[in-house]
Amino acid sequence: MAGNIKVLKFGGTSVADAAAFERAVQIVRANQGSPVVVIVSAMSGVTDALIKSIRNGVGTLREHFTRHLEVAEHLGAEAVSKCRVLTENSRAEIATLLERGVVDLRTQDAIASYGERLGAALFAMILEHHGMPARYVDARRCILTDGEHGNANPLIHEVNLRTNAELQSLLESGRIPVLGGFIGATAEGVTTTLGRGSSDYTATLIGAALHASEIQIWTDVDGVQTANPNLVSDTRTVPKLSYEEAKELAVLGARVMHAKMIGPVIDAKIPVRIRNSRLPEQPGTLICAQSEPPDGTVKAIAHLERVVACVGDGLSNGTQGAARVRHVLHEMDASLKWRSTSDSNLLTVVDEERVAWIVRELHERLFERRKGATVLDCRA
């Protein structure tokens, strides 16, 4: 069993409504040649609404509970009844938490956890409806953490033990465990969260614990892009990244990757694929131990606040590729001071108002196919 398991994580936009759930179900079905574990984010917008309810009251969540019921309506009366029980219990429990009048990170974690808990339970019901034996598993039984509410740290040894204890028997019996991402619990059973957008991290923690053969991150874009699509209109999908390159991009704000998600898979060399749930035929981006020789080729441009970075293995070494990149950077703006903090980046700090221009200019010079010795091929 170990080594043959696939972990499939679906982000909030990939479970946003009934049509999105249906697409996700078909993706699970397509992967059933191997034992499958599913990690689910909250439906898009739900976590924000849960956190706002701390200030605005549980009544503001009615429309989001209704969204879950609307998805269940496609499954029949029995599913609607089960989903109504889930949403009503959640509403009552959240109301009880709010009545305490204590607004702290511990309360916020407890309330925010309901998005993933509802989403995962609903996904398991949908898989069962489609003839795939599934079982909802409370992720708090697997992801043991410290007590740093809002940004808890998983206790890796305990996560490994608990994940195998909870999931291996289900997998061996042919069932599909379905867990919510983002959430964990302390040894005392107090709910914690791993930080916003951390369902990817949950997926790699679970995948590493089970020695999975592959982890798939299903989102709403085709994979990691060569730059932020909000700034650059003609980005390309990066076909392959090394773990080091992916870590650099994640830390520097790449939207489709959580900053901590790469860490758990490095030692076991588990490949991670980032793919588009709306276009599952697209190959997406593969993240693995080594993407290409470290020849100084730029894979992507990232930015975080005032930092702009070129990312690609070997950018800090003396290869011809790295030298060409530095030539392009100097030609673009000789006043910029570029430095490396690892073998996989060249970065500079600029005035905030210049960030967008620099990202767009770099992308045009480094990735557009033109004539001239200073133009690089992104190998996409």
# chains A, B, ... in the order shown; residues from 1 in each chain; ligands from 1
$ select_by_dssp --residues "region 44-292 of chain A" --states "helix (DSSP H, G or I)" --output "number ranges by chain"
A: 46-56, 58-75, 77-99, 105-129, 139-141, 156-172, 199-209, 243-251, 263-265
$ residues_around --residues "Ser14 (chain A)" --least-positions-apart "4" --cutoff "7 Å" --atoms "only C-alpha atoms" --output "ChimeraX atom specification"
/A:10,20-21,24,218-220,277
$ residues_around --residues "Ala120 (chain A)" --least-positions-apart "3" --cutoff "8 Å" --atoms "only C-alpha atoms" --output "PyMOL selection string"
chain A and resi 39-42+116-117+123-124+136+178-180
$ closest_residue --among "A:Leu231, A:Leu127, A:Ile215, A:Val103" --to "Arg29 (chain A)" --atoms "only C-alpha atoms"
A:Leu127
$ closest_atom_pairs --of "region 76-165 of chain A" --to "region 262-275 of chain A" --cutoff "12 Å" --atoms "only C-alpha atoms" --output "JSON lines"
{"residue": "A:Pro154", "atom": "CA", "partner": "A:Pro264", "partner_atom": "CA", "distance": 10.6}
{"residue": "A:Leu155", "atom": "CA", "partner": "A:Pro264", "partner_atom": "CA", "distance": 11.7}
{"residue": "A:Ile156", "atom": "CA", "partner": "A:Pro264", "partner_atom": "CA", "distance": 8.9}
{"residue": "A:His157", "atom": "CA", "partner": "A:Pro264", "partner_atom": "CA", "distance": 11.6}
{"residue": "A:Val159", "atom": "CA", "partner": "A:Pro264", "partner_atom": "CA", "distance": 11.2}
{"residue": "A:Asn160", "atom": "CA", "partner": "A:Pro264", "partner_atom": "CA", "distance": 10.9}
$ write_last_selection --atoms "N, CA and C atoms" --output "mmCIF file, in the first residue's frame"
data_model
loop_
_atom_site.group_PDB
_atom_site.id
_atom_site.type_symbol
_atom_site.label_atom_id
_atom_site.label_comp_id
_atom_site.auth_asym_id
_atom_site.auth_seq_id
_atom_site.Cartn_x
_atom_site.Cartn_y
_atom_site.Cartn_z
ATOM 1 N N PRO A 154 2.789 21.872 12.950
ATOM 2 C CA PRO A 154 2.521 20.442 13.123
ATOM 3 C C PRO A 154 3.669 19.741 13.843
ATOM 4 N N LEU A 155 3.328 18.781 14.664
ATOM 5 C CA LEU A 155 4.314 17.942 15.348
ATOM 6 C C LEU A 155 4.500 16.700 14.469
ATOM 7 N N ILE A 156 5.541 16.722 13.666
ATOM 8 C CA ILE A 156 5.661 15.796 12.536
ATOM 9 C C ILE A 156 5.604 14.322 12.957
ATOM 10 N N HIS A 157 6.307 13.961 14.007
ATOM 11 C CA HIS A 157 6.303 12.555 14.427
ATOM 12 C C HIS A 157 4.897 12.101 14.773
ATOM 13 N N VAL A 159 2.088 13.527 13.784
ATOM 14 C CA VAL A 159 1.279 13.557 12.554
ATOM 15 C C VAL A 159 1.449 12.256 11.779
ATOM 16 N N ASN A 160 2.676 11.792 11.656
ATOM 17 C CA ASN A 160 2.935 10.549 10.926
ATOM 18 C C ASN A 160 2.253 9.352 11.587
#
$ atom_distance --atom1 "CA of Val7 (chain A)" --atom2 "CA of Asp200 (chain A)"
10.5 Å
$ closest_residue --among "A:His303, A:His74, A:Lys6, A:Arg339" --to "His129 (chain A)" --atoms "only C-alpha atoms"
A:His74
$ closest_residue --among "A:Met332, A:Val36, A:Ala121, A:Ala110" --to "His68 (chain A)" --atoms "only C-alpha atoms"
A:Ala121
$ closest_residue --among "A:Glu214, A:Glu88, A:Asp333, A:Glu245" --to "Val298 (chain A)" --atoms "only C-alpha atoms"
A:Glu245
$ select_by_dssp --residues "region 230-366 of chain A" --states "strand (DSSP E or B)" --output "MDAnalysis selection string"
chainID A and resid 237 240:242 272:276 285:288 300:304 307:311 339 345:349
